[in-house]
Amino acid sequence: MSLELLVASAIAVLVAAGLYLALRGRTFQLVLGLTLVSYAVNLFLFATGRLVVERPPLWAKGVTDHADPLPQALVLTAIVISFAMTALTVILSLRGFLEIGSDQVDGLAEPGEGA
Amino acid sequence: MRRLMPHPGLSALLLIVWLLLANGITAGSVGLGAVFALVLPKVTQPFWPDRPRLRIGRAWLGYIAIVLFDILVANIQVARLVLFRRNRDLRTRWLVVPVDLDTPEAITVLAGTISLTPGTVSSDLSADSRSLLVHALDVTDEAAEVARIKSRYEARLKRMFA
Amino acid sequence: MIALALPLALGCVGVAMLLTLWRLVRGPSLADRIVALDTMVVDAIALIVLIGMTSGTDSGFEAALLLAMVGFVGTVAYCKFILRGDIVE
Amino acid sequence: MALLILIGLPFAAVLLLMIARRAGRRVHMLIAGACSAAGLAVLLSQAEPSLSGRTPMIRIPWMPTAGVDISLWLDPLALLFAGLILGIGLLVIVYADGYLGKDEPTARFLSYLMLFQGAMLGIALSGNVVLMLIFWEMTSLASFLLIGFWRTRVEARRGARMALTITGGGGLALVGGLVLLAKVAGSYDLATILSRGGLVQASPLYPVILILILLGAFTKSAQIPFHAWLPRAMAAPTPVSAYLHSATMVKAGVFLLARLWPVLAGTDWWFLTVAPVGLATMIFGAGVALFRHDLKAILAYSTVSQLGLMVMLLGFGTGAAVAAALFHLLNHAAFKAALFMHAGIIEHETGTRDIRRLGRLATIMPLTATLGVLAAAAMAGVPPLGGFISKEMMLEASVRTGSLLVPALATIAATLSAAYALRYAVVLHIGRAPIGRVMGTAPHDPPARLLAPPAILATIALALGLAPMTLAGPLVEAATATATGGARLGLHLALWHGIGPALILSLSAVAAAILLLWRQEALAPLAARLPSFDARRLFDGAMTATVQGARRLSHLIHVASLQRSLAVLFLVALVLGGEAAGRFGFAAGPRATTPASPVAIMVWMLLVVATLAVVAVERHRYLALVFMGVIGLVMALAFLHLSAPDLALTQIAVEVVTILLMLLALHLLPGRPPRLSSLPRRVRDGAIAAAGGIGAGWLAWAVMTRPAREGIARFHWANSHALGGGANVVNVTLVDFRGFDTLGEISVLAIAGLTIFALLEPAAGGIAGRRLREWRSADRFSPDRHPMMFAVATRLLLPLALLVALHLFLRGHDQPGGGFVAALVVSIAILLQYLASGFDWTDARRRIGEHGLIGLGLAIALATGLGALAFGAPFLTSSVGHVHLPLIGAVELTSAMLFDLGVACVVLGSVTMALAQLAHVAQRAARPDGEDPR
Amino acid sequence: MTAADQLMIAPIVLPAITASATLLMRRRLRTARAVSLGGCVAMLAAAIGLFAMAQDGSIRGYALGAWPAPFGIVLMLDRLATTMLLLTEVLASVVLAHAAVTGADRRGWHFHALFHFQLMGLNGAFLTGDLFNLFVFFEVMLIASYGLMLHGQGASRLRAGLAYVVVNIVGSALFLIALGLLYGLTGTLNMADLAVRVAALGPAEQGLLRVAGLLLMTVFALKAAVAPLHLWLPRTYAATMPVIAALFAIMTKVGVYAMIRTVPLIFGAGAGAAAWVPGPYLLPAAILGAVLGFVGVLAARGLREQAAFAVLASTGTLLMPVSLWREATLAAALYYLVQAVLAGAALFLIVDATMRRRGSYADAIVPSPRFVGQDAAGLLYLAGGLAAVGLPPLAGFVGKVLILDVSYAVAGWPSIWTTILGTTLLGVIGFARSGSTLFWKAAPSGTAAVEGPRRSLADFVAPIVLLALLAWLTLAAGWVTAQTRAAAAQIMAPDRYVAAILGAGR
Amino acid sequence: MSPAADTVVGLLVLIGAGFVLVGSWGLVRLPSVMERLHAPTKATTLGVGALLLASMIDGRTRYGNWTAHELLVTLFLFVTAPVAANMIAKVHLHRTRTVAGGEADGIAGPPPRPDDEGDWATFAEPRRNCPGTPPDP
Ligand code: NA
Ligand code: NA
């Protein structure tokens, strides 16, 4: 069992769960799904710098063995952006629910509810 | 002095925390820490109205020492309970601890202390803040336990919060 | 000794996390799950400390500190939600 | 220059008319008339050089890269056509003055008419196919506007749309044909193209070119089966019919065939497509015309027929036939325009156009009748009118084809033509039918404004018969020469050609026509029983079907479904990824993997179980959120283990804020909703999801097992401390190497904050506000709003958290931390106050508004970046300096830290704005009156 | 660095400053409006200056933070970028003026700040020479567009907004995956450097490279609304305030821009398995987009929906020549792009002016009682329809003829020709039907009259300006095509780009 | 590193991890919420505390620098953990009374009342002007 395998399979599970939830048709599940996908994407982006255990990219004289700092910087930016997007989506969902009275992504009436 | 440092206790705590954060005592860290220790209480003053007066001194050190010791002992006791006592043999009880403390801060410290020592959890406060509901994992004599809490912790706290 | 103790300790904490997870999944009550989540944060702090000792770096300290400081916020918010529905009022 | 003036005049008139649209009718007429007259004068001034072979032309470079110029020329063919357009245009304007009612908007009418005139002139004068196409399409457009002039009438709208659809569609085919022709011929210049007939006809694309161009020509000239729009276009005011649908626009197709004759004609393809269509149209149109009762319908179908005649002639492919076609073009223009005007007068005077209700007009309206009979006779091909000559030429040409069928059919067509023409002449003026319902006053000859234009045209039709060579000879001869691209034929136009097959056929046609007319009424039921080909209904049906089909298709595809959009997106990504994997494959690489410790595996299990749990309890939202907390925690641990402490910090802080955000939102959402999708749907989604997961995991695996390439990060590592002034390479990258990304990133956060504010600020109003106020939770809640222990702990935590934040901020350049995390810690500490002590309490104690913080933060970041400009360095160039502070000693300060401060301000502002606003909304829900607690 | 060099940063910094400034004066709309318009004009001036700078045919780099390429983020200025900048700024000025005139900016919070952030995102996307930075500016552009899209709110807008946001979030996730793959394979983010390194990849990396390329193109295609990834567009644009949709006319074209920018440079002939990577799929997708777009124009029941489909169709049409990846076809595509943006915007502004006059009839394609300015609106609608469909005398026709011209005899040209000509007919029918219903047909008697007639004709000005620009594009087609040809020549010579950006570094 | 230090650190590590494990074990095996709530306290206090102590000594002996900032982790945990426990207990109390069917009481049964007329804050509106109540605006 290698770390690479763990990370890859974690990405797989997160993506699969995220996509499934995103297709469920309700805003909250959608937000959860997107969050899972964004975790997976962050992990993926991070992994493209290859996995290095316990050698953080903190510069010290003479040290040459370290994790790739660039993907980390990219992931940080991506985390912030995806947080912004999540916040917006959550509030947009809520706002839509308040306006329409349904939390379905397409604003349809609940099944079994009168028109 | 009072205007400069409205809350010496808080300022001292902040300075200590800063030095711990800086992980070393240098002129720089002390200087900067002092600045923050002075500024932050001022800045956060509106968020903590009616801060209690504290008597900083040995009472506090003693209290900390007692609590740490109690934690150590209680940990071992509770570990034994968890590992070896059968569930149906647990003598779990609710305790109602009457509280004679006045400030919310003092009550909070008392409740926190009770919770930190394994085996007891401060679960709720009465609506009039005069009683504390404590859940105890294994007590034989409820009154004695309440008395122990009051004498060991509350009495000291009364002195620490002037 | 350390060389022996650290892997063992890591294993203990790992198992502890799995046990906590079991309670989290199992429930049965909401309070149970919140207790489990809260415990998991503490377990994570322990794990961070152990990882730091294993690797000999200090870089996990901030993470442990942050977890200790804001880890309970989630717990409290979950509780407040059950108690009051609205967490800010 | 003259050509530019010529083409510019009508458009100038359009502009003037639009400017002077509120002026009186006289002014409008004057503008249009004057421009047309001036155009005619300019044209006549250029006639001599054109006819004598010194073709006036002008060429202005336009799109040199594509080889397209604005080039105009006035060869005899163009001269002939332009003369027609301007001459009849002038007469139509005069006629329209008399025809249009008092309240009609003449400015609009005339501006459309002049637009049309300009476009037609453009077709005639274009020396470049692109230019010609532009004008061609403009004629369709102008025709659309003119047919739809009486826009409230349903027939006008339908007629206009049908004309636009058919001629526009044909025009598009023509676009294809002409551009293709130009590509094959190697030039857009018409003269060049015309000289490359051999090249074009040898091309394998020649049939395609031919068919596309013919589609353009046939639709415009109303050839079967595209003729239906023309009768329907009769919904237009009569001057329009006279101008567009008899004399000029419909001739554009004929003109085009003549124009492209040198390059396209002379092949079997040409003969076998053009001539039969023309012939069929000629017979069909004439046949229908004979049995119509509406005067304008008769004229419309006669026009269809006559256009067929001209097309057929051009199809014959001989010079003589072209000459016949061009001469008939003139004749037809004259008599048909006259007839339309005549029909307009009759309708104007009698209030009806139904031939069955009209008769004896000769006695009531003698002048009108005279010119009507004259024009109809020309149409019938009765000597000594021009129509006779051209019809004889036509028959002559059809005999010359060598086939027997062609002259036979041509004669039948000529018979039918003569029949309906004579019917028009006789029944209307001499027939016994009573006068139709009279509109108030007795009908009489109209004033000169109405009468003069058709009279002039009828006179011309007569003159073309009496003195053809003087009037039209040189023009037709020269135009034929240009059209055929050959030498002049030595044309002889005359009434008397001697007795030949043509004369015999012509006379027998007239005779047969008289016979036919005699029995017309008897034949009518017979004609009605013929299998009818109702192109109009066919067209309407096709249009309805098209629109319905389009609707169905569009609605089928564009369902307002986010799930569908997402599923398609996932599928596309999957299919494309699968394609690449299938074609090129990507196996694991040779890089040595890192063995996973047992604890790593356990933490991995945590993640997997929690993720599956989220899916399993998907509809129990609160529980799902609890499991999300575990996933976030595991992510932080993973980052920490994998040497990314900054990421772990950020993950922890963001996770907390996200949970708060979701709980705040969850509060107002309904508790446990019913499931939406059916089992098959869930299976389908599961399959998509699984495939996506496997794909993503596989990609990650493939990348991680490949050796890393020496990349740009080495530079970052090497220079972070020396040049960037920090040991935390990630932080230096964020605020320095890639500070520009961070500027964008905080902009994103700022915008998110603003958008959230904009979304929530009005939420208390309208229907959302009502829902908020009516909102009641189904759960019972504890009355304890602010538990004491919690409140006290958060008060202590605030200064402590601020201190930690300062620590993270100050040393973030060297150790894990930085402005972003620091700001999140502050945000969380402030949010904790909201949680513990309530919205109002906390909000009242906050000093700086979020808007101010966001603006300030952006300003700091921008100002830091711009500061470098003062030193001639690029934006965001950082500087490292040492400052000596008393007590503290040397402190390293980088401008990047100032930038980081900006970052922190924006983060703090945005995060608190988002969460406080959200809390604010819930607050308003709690207040029965929905009042704003602020 | 000279002041002229520093001008390169202006298109990004100016809107950021303007946005921050309007944020601080959010309660004083008049001042904010003035500042906003001023910022727009300044940006237009900067764009003109940059356009003039690029006329010498050189490619300029701007090393942000003075970190040399490829290590830092670099901006780059070439003909393509300046063309897009100028187009954006012209469009933005007109749209902003229209919004101010019609008071659309009063219909919600932070219109001006969001507007300028949107411009910042657009300009950044056009200028950046770094792939991750492109992602960041995409996000800036998108999130600002979410804000603008939701401006004014209302139920349908909120729902459509959610769909728009979510689809784009997923698109961004794909972008990151593609980006990560490229970084994992090459170790760089600078586009020029990527070009060099992608060409040097070994056979074992080709599969991954192709996945990266295809995913990246999927993202761009999603932003460009290339069928079948277009499903979000009609709903979004139809639900948006038309004046904002007018600004959005350029948004889909950013996706096209990103393709034009990256494909010849990174995925050119030397890119192995990823050479010309949207590869065999772009042309059919473009054709499908054009067909569905014009079918939608014909099928639409509302004017905004119709205009949205027209935008969709224009993207499809535009991508046909793009998909051929030749200098001449790109030149024609760029000409078409410029006019398509202006035409789409003009159409939306015309719809806006019409809607505002029709009261409760809004943009429904049904006859209404006569309203003030009906004839003028009808004429404008006619012109807008011509522009959108591509009929003379506006520039769409020239654009289409140019596309026919350059695509001739290139593989697949008959399908391009057939689509262009066939879909144009669909568009003609569609606009003729809706226009005659709307502006010619009278409402059935007894229908309530349109309330609250507006007297001012000021809202006709902006559409007229755009239409005039379209007419000018026809007249000045020679100059414009020379520009687009030169831009295309630069794009198709990636070596020069690489040398200009990395020259000093290697 | 001296053998003594090695032993001390090793023992501390084992003690800490042991208490963490016992805490979680308690979480699993104890019969109801209130009992389980006691379990994490061990992990929080002695478990993490011992580990942090080990880390401090380890840093000093192996790398020669005293690091005391580990104490901060414990400090923060000591501030926050009781609050979390308190809130969870309140959730439990609340749900035993409000949820239909009730959330099961633990071994100790329902909590006694604080006095004759009052009730716990979870069930009753807090009285005004009592300590800890934030002043109403
Ligand atoms: Na960042
Ligand atoms: Na305890």
# chains A, B, ... in the order shown; residues from 1 in each chain; ligands from 1
>>> residues_near_ligand(ligand="ligand 1", cutoff="12 Å", atoms="only C-alpha atoms and all ligand atoms", output="VMD selection string")
(chain A and resid 72 to 83) or (chain D and resid 646 to 647 649 to 651 654 730 to 736 738 to 749 812 817 to 824 899 to 904 906 to 907) or (chain E and resid 136)
>>> residues_around(residues="Val406 (chain D)", least_positions_apart="3", cutoff="12 Å", atoms="only C-alpha atoms", output="JSON, numbers by chain")
{"D": [275, 276, 277, 278, 279, 280, 282, 283, 309, 312, 313, 315, 316, 394, 395, 396, 397, 398, 399, 400, 401, 402, 403, 409, 410, 411, 412, 413, 414]}
>>> write_last_selection(atoms="C-alpha atoms", output="PDB file, in the first residue's frame")
ATOM      1  CA  ALA D 275     -34.709  26.256 -70.039  1.00  0.00           C
ATOM      2  CA  PRO D 276     -37.112  23.638 -68.668  1.00  0.00           C
ATOM      3  CA  VAL D 277     -37.700  25.576 -65.488  1.00  0.00           C
ATOM      4  CA  GLY D 278     -38.401  28.697 -67.500  1.00  0.00           C
ATOM      5  CA  LEU D 279     -40.669  26.875 -69.863  1.00  0.00           C
ATOM      6  CA  ALA D 280     -42.604  25.167 -67.111  1.00  0.00           C
ATOM      7  CA  MET D 282     -44.152  30.156 -68.357  1.00  0.00           C
ATOM      8  CA  ILE D 283     -46.896  27.628 -69.010  1.00  0.00           C
ATOM      9  CA  LEU D 309     -40.288  33.168 -70.644  1.00  0.00           C
ATOM     10  CA  MET D 312     -36.265  30.024 -70.749  1.00  0.00           C
ATOM     11  CA  LEU D 313     -34.753  32.282 -73.378  1.00  0.00           C
ATOM     12  CA  GLY D 315     -31.514  28.977 -70.958  1.00  0.00           C
ATOM     13  CA  PHE D 316     -31.407  28.412 -74.668  1.00  0.00           C
ATOM     14  CA  MET D 394     -39.055  34.043 -78.358  1.00  0.00           C
ATOM     15  CA  LEU D 395     -40.846  31.674 -80.656  1.00  0.00           C
ATOM     16  CA  GLU D 396     -38.088  32.020 -83.186  1.00  0.00           C
ATOM     17  CA  ALA D 397     -35.529  31.116 -80.527  1.00  0.00           C
ATOM     18  CA  SER D 398     -37.547  28.151 -79.372  1.00  0.00           C
ATOM     19  CA  VAL D 399     -37.794  26.876 -82.906  1.00  0.00           C
ATOM     20  CA  ARG D 400     -34.065  27.258 -83.217  1.00  0.00           C
ATOM     21  CA  THR D 401     -33.480  24.884 -80.332  1.00  0.00           C
ATOM     22  CA  GLY D 402     -34.077  22.149 -82.836  1.00  0.00           C
ATOM     23  CA  SER D 403     -36.473  20.367 -80.628  1.00  0.00           C
ATOM     24  CA  LEU D 409     -44.882  24.134 -75.440  1.00  0.00           C
ATOM     25  CA  ALA D 410     -43.787  27.705 -76.028  1.00  0.00           C
ATOM     26  CA  THR D 411     -46.725  28.166 -78.332  1.00  0.00           C
ATOM     27  CA  ILE D 412     -49.101  26.766 -75.771  1.00  0.00           C
ATOM     28  CA  ALA D 413     -47.682  29.176 -73.257  1.00  0.00           C
ATOM     29  CA  ALA D 414     -47.986  32.028 -75.711  1.00  0.00           C
TER      30      ALA D 414
END
>>> residues_near_ligand(ligand="ligand 2", cutoff="8 Å", atoms="only C-alpha atoms and all ligand atoms", output="compact mmCIF listing (two decimals) with all heavy atoms, in the first residue's frame")
# COMPACT_ATOMS: atom_id res chain seq x y z
N THR B 113 -13.36 23.60 35.29
CA THR B 113 -12.50 22.74 36.09
C THR B 113 -13.17 21.39 36.31
O THR B 113 -12.54 20.33 36.16
CB THR B 113 -12.23 23.41 37.46
OG1 THR B 113 -11.76 24.72 37.22
CG2 THR B 113 -11.20 22.62 38.24
N ILE B 114 -14.44 21.43 36.63
CA ILE B 114 -15.17 20.18 36.85
C ILE B 114 -15.13 19.32 35.60
O ILE B 114 -14.92 18.11 35.65
CB ILE B 114 -16.62 20.50 37.26
CG1 ILE B 114 -16.62 21.14 38.65
CG2 ILE B 114 -17.49 19.26 37.23
CD1 ILE B 114 -17.96 21.74 39.04
N SER B 115 -15.33 19.97 34.47
CA SER B 115 -15.34 19.21 33.22
C SER B 115 -13.97 18.65 32.89
O SER B 115 -13.85 17.56 32.35
CB SER B 115 -15.81 20.10 32.07
OG SER B 115 -17.19 20.33 32.18
N LEU B 116 -12.91 19.45 33.21
CA LEU B 116 -11.56 19.01 32.82
C LEU B 116 -11.11 17.79 33.62
O LEU B 116 -10.34 16.98 33.13
CB LEU B 116 -10.56 20.15 32.99
CG LEU B 116 -10.62 21.21 31.88
CD1 LEU B 116 -9.69 22.37 32.22
CD2 LEU B 116 -10.24 20.62 30.54
N THR B 117 -11.55 17.70 34.83
CA THR B 117 -11.17 16.51 35.61
C THR B 117 -12.05 15.36 35.16
O THR B 117 -13.28 15.45 35.26
CB THR B 117 -11.36 16.75 37.10
OG1 THR B 117 -12.68 17.24 37.31
CG2 THR B 117 -10.35 17.74 37.64
N PRO B 118 -11.44 14.32 34.69
CA PRO B 118 -12.23 13.21 34.17
C PRO B 118 -13.15 12.66 35.24
O PRO B 118 -12.84 12.68 36.42
CB PRO B 118 -11.18 12.19 33.75
CG PRO B 118 -9.96 12.99 33.50
CD PRO B 118 -10.00 14.11 34.49
N GLY B 119 -14.30 12.17 34.76
CA GLY B 119 -15.25 11.60 35.69
C GLY B 119 -16.40 12.52 36.01
O GLY B 119 -17.43 12.07 36.49
N THR B 120 -16.21 13.81 35.79
CA THR B 120 -17.31 14.74 36.01
C THR B 120 -17.43 15.68 34.81
O THR B 120 -16.42 16.08 34.25
CB THR B 120 -17.09 15.60 37.26
OG1 THR B 120 -15.76 16.13 37.19
CG2 THR B 120 -17.25 14.78 38.53
N VAL B 121 -18.65 15.99 34.43
CA VAL B 121 -18.88 16.94 33.34
C VAL B 121 -19.90 17.95 33.79
O VAL B 121 -20.98 17.58 34.27
CB VAL B 121 -19.39 16.21 32.08
CG1 VAL B 121 -19.81 17.22 31.03
CG2 VAL B 121 -18.33 15.29 31.52
N SER B 122 -19.55 19.22 33.68
CA SER B 122 -20.55 20.26 33.96
C SER B 122 -21.54 20.27 32.80
O SER B 122 -21.17 20.58 31.67
CB SER B 122 -19.89 21.63 34.04
OG SER B 122 -18.87 21.60 35.00
N HIS F 38 -17.74 11.52 28.96
CA HIS F 38 -16.57 11.55 29.84
C HIS F 38 -15.31 11.09 29.12
O HIS F 38 -14.21 11.45 29.50
CB HIS F 38 -16.81 10.64 31.05
CG HIS F 38 -17.84 11.17 31.98
ND1 HIS F 38 -17.55 12.03 33.00
CD2 HIS F 38 -19.18 10.98 32.03
CE1 HIS F 38 -18.66 12.33 33.65
NE2 HIS F 38 -19.67 11.71 33.07
N THR F 41 -12.58 13.47 27.52
CA THR F 41 -11.85 14.32 28.46
C THR F 41 -10.45 13.78 28.72
O THR F 41 -9.51 14.54 28.90
CB THR F 41 -12.61 14.41 29.80
OG1 THR F 41 -13.99 14.22 29.54
CG2 THR F 41 -12.38 15.74 30.43
N LYS F 42 -10.37 12.47 28.77
CA LYS F 42 -9.05 11.88 29.01
C LYS F 42 -8.10 12.17 27.86
O LYS F 42 -6.96 12.58 28.04
CB LYS F 42 -9.18 10.36 29.17
CG LYS F 42 -9.63 9.96 30.54
CD LYS F 42 -9.96 8.51 30.57
CE LYS F 42 -11.09 8.18 29.61
NZ LYS F 42 -12.34 8.92 29.90
N PRO F 82 -14.15 22.21 27.80
CA PRO F 82 -15.33 22.22 28.70
C PRO F 82 -16.55 22.86 28.05
O PRO F 82 -17.67 22.45 28.31
CB PRO F 82 -14.85 23.04 29.90
CG PRO F 82 -13.36 22.96 29.86
CD PRO F 82 -13.00 22.90 28.43
>>> residues_around(residues="Ala81 (chain F)", least_positions_apart="5", cutoff="10 Å", atoms="only C-alpha atoms", output="VMD selection string")
(chain B and resid 112 115 to 116) or (chain C and resid 38 to 39 42 68 to 69 71 to 72 75) or (chain F and resid 40 to 41 44 to 45 74 76 86 to 87)
>>> residues_around(residues="Pro6 (chain B)", least_positions_apart="4", cutoff="12 Å", atoms="only C-alpha atoms", output="ChimeraX atom specification")
/B:1-2,10-12,37-45,48-54
>>> write_last_selection(atoms="N, CA, C and O atoms", output="short mmCIF file (atom, residue, chain, number, x, y, z; two decimals), in the first residue's frame")
data_model
loop_
_atom_site.label_atom_id
_atom_site.label_comp_id
_atom_site.auth_asym_id
_atom_site.auth_seq_id
_atom_site.Cartn_x
_atom_site.Cartn_y
_atom_site.Cartn_z
N MET B 1 -2.15 54.48 34.95
CA MET B 1 -1.83 53.05 34.89
C MET B 1 -3.06 52.23 34.57
O MET B 1 -3.07 51.39 33.68
N ARG B 2 -4.16 52.56 35.24
CA ARG B 2 -5.40 51.83 35.03
C ARG B 2 -5.90 52.03 33.60
O ARG B 2 -6.43 51.09 32.98
N LEU B 10 -5.34 39.97 32.01
CA LEU B 10 -5.41 39.63 30.60
C LEU B 10 -4.10 39.98 29.90
O LEU B 10 -3.58 39.22 29.09
N SER B 11 -3.59 41.17 30.24
CA SER B 11 -2.34 41.59 29.61
C SER B 11 -1.22 40.61 29.91
O SER B 11 -0.44 40.24 29.03
N ALA B 12 -1.15 40.17 31.16
CA ALA B 12 -0.11 39.22 31.52
C ALA B 12 -0.28 37.93 30.73
O ALA B 12 0.68 37.37 30.17
N ALA B 37 0.17 43.09 24.30
CA ALA B 37 -0.49 42.88 25.58
C ALA B 37 -1.19 44.15 26.05
O ALA B 37 -2.17 44.09 26.79
N LEU B 38 -0.68 45.30 25.63
CA LEU B 38 -1.32 46.55 25.99
C LEU B 38 -2.48 46.88 25.04
O LEU B 38 -3.52 47.37 25.46
N VAL B 39 -2.24 46.62 23.77
CA VAL B 39 -3.20 47.08 22.76
C VAL B 39 -4.43 46.17 22.70
O VAL B 39 -5.56 46.65 22.68
N LEU B 40 -4.21 44.87 22.70
CA LEU B 40 -5.34 43.98 22.45
C LEU B 40 -6.45 44.09 23.49
O LEU B 40 -7.62 44.09 23.12
N PRO B 41 -6.14 44.19 24.77
CA PRO B 41 -7.24 44.36 25.73
C PRO B 41 -8.06 45.62 25.46
O PRO B 41 -9.28 45.62 25.61
N LYS B 42 -7.37 46.67 25.02
CA LYS B 42 -8.09 47.90 24.69
C LYS B 42 -9.02 47.66 23.49
O LYS B 42 -10.19 48.05 23.48
N VAL B 43 -8.44 47.01 22.49
CA VAL B 43 -9.19 46.82 21.25
C VAL B 43 -10.42 45.95 21.50
O VAL B 43 -11.50 46.20 20.97
N THR B 44 -10.25 44.92 22.35
CA THR B 44 -11.34 43.98 22.52
C THR B 44 -12.24 44.35 23.70
O THR B 44 -13.15 43.60 24.04
N GLN B 45 -11.98 45.51 24.28
CA GLN B 45 -12.74 45.91 25.47
C GLN B 45 -14.26 45.86 25.27
O GLN B 45 -14.98 45.35 26.13
N TRP B 48 -15.96 42.59 25.94
CA TRP B 48 -15.90 41.95 27.26
C TRP B 48 -16.23 42.98 28.32
O TRP B 48 -15.35 43.43 29.05
N PRO B 49 -17.48 43.36 28.36
CA PRO B 49 -17.85 44.37 29.34
C PRO B 49 -17.79 43.76 30.75
O PRO B 49 -17.89 42.54 30.90
N ASP B 50 -17.63 44.61 31.74
CA ASP B 50 -17.65 44.17 33.15
C ASP B 50 -16.66 43.05 33.41
O ASP B 50 -17.01 42.01 33.95
N ARG B 51 -15.45 43.28 32.96
CA ARG B 51 -14.45 42.26 33.25
C ARG B 51 -14.22 42.17 34.74
O ARG B 51 -14.18 43.20 35.42
N PRO B 52 -14.09 40.97 35.25
CA PRO B 52 -13.93 40.83 36.70
C PRO B 52 -12.53 41.25 37.14
O PRO B 52 -11.58 41.22 36.36
N ARG B 53 -12.48 41.67 38.38
CA ARG B 53 -11.16 41.93 38.98
C ARG B 53 -10.56 40.60 39.41
O ARG B 53 -11.24 39.79 40.03
N LEU B 54 -9.33 40.41 39.16
CA LEU B 54 -8.66 39.17 39.59
C LEU B 54 -7.59 39.52 40.60
O LEU B 54 -7.00 40.59 40.56
#
>>> interface_residues(of="chain D", to="chain F", cutoff="7 Å", atoms="only C-alpha atoms", output="number ranges by chain")
D: 780, 782-784, 788-790, 793, 837, 840-841
>>> atom_distance(atom1="CA of Val33 (chain F)", atom2="CA of Lys80 (chain C)")
17.1 Å
>>> interface_residues(of="chain B", to="chain C", cutoff="12 Å", atoms="only C-alpha atoms", output="list in words")
Val17, Leu20, Leu21, Ala22 and Asn23 of chain B
>>> write_last_selection(atoms="N, CA, C and O atoms", output="mmCIF file, in the first residue's frame")
data_model
loop_
_atom_site.group_PDB
_atom_site.id
_atom_site.type_symbol
_atom_site.label_atom_id
_atom_site.label_comp_id
_atom_site.auth_asym_id
_atom_site.auth_seq_id
_atom_site.Cartn_x
_atom_site.Cartn_y
_atom_site.Cartn_z
ATOM 1 N N VAL B 17 1.387 34.240 26.502
ATOM 2 C CA VAL B 17 1.018 33.505 25.282
ATOM 3 C C VAL B 17 1.901 33.935 24.120
ATOM 4 O O VAL B 17 2.355 33.106 23.331
ATOM 5 N N LEU B 20 5.215 32.407 24.376
ATOM 6 C CA LEU B 20 5.146 31.001 23.989
ATOM 7 C C LEU B 20 5.037 30.850 22.478
ATOM 8 O O LEU B 20 5.667 29.985 21.871
ATOM 9 N N LEU B 21 4.246 31.720 21.896
ATOM 10 C CA LEU B 21 4.100 31.680 20.440
ATOM 11 C C LEU B 21 5.431 31.954 19.767
ATOM 12 O O LEU B 21 5.831 31.268 18.822
ATOM 13 N N ALA B 22 6.105 32.995 20.265
ATOM 14 C CA ALA B 22 7.386 33.368 19.669
ATOM 15 C C ALA B 22 8.441 32.319 19.971
ATOM 16 O O ALA B 22 9.478 32.268 19.317
ATOM 17 N N ASN B 23 8.136 31.484 20.980
ATOM 18 C CA ASN B 23 9.013 30.360 21.289
ATOM 19 C C ASN B 23 10.412 30.804 21.685
ATOM 20 O O ASN B 23 11.408 30.220 21.257
#
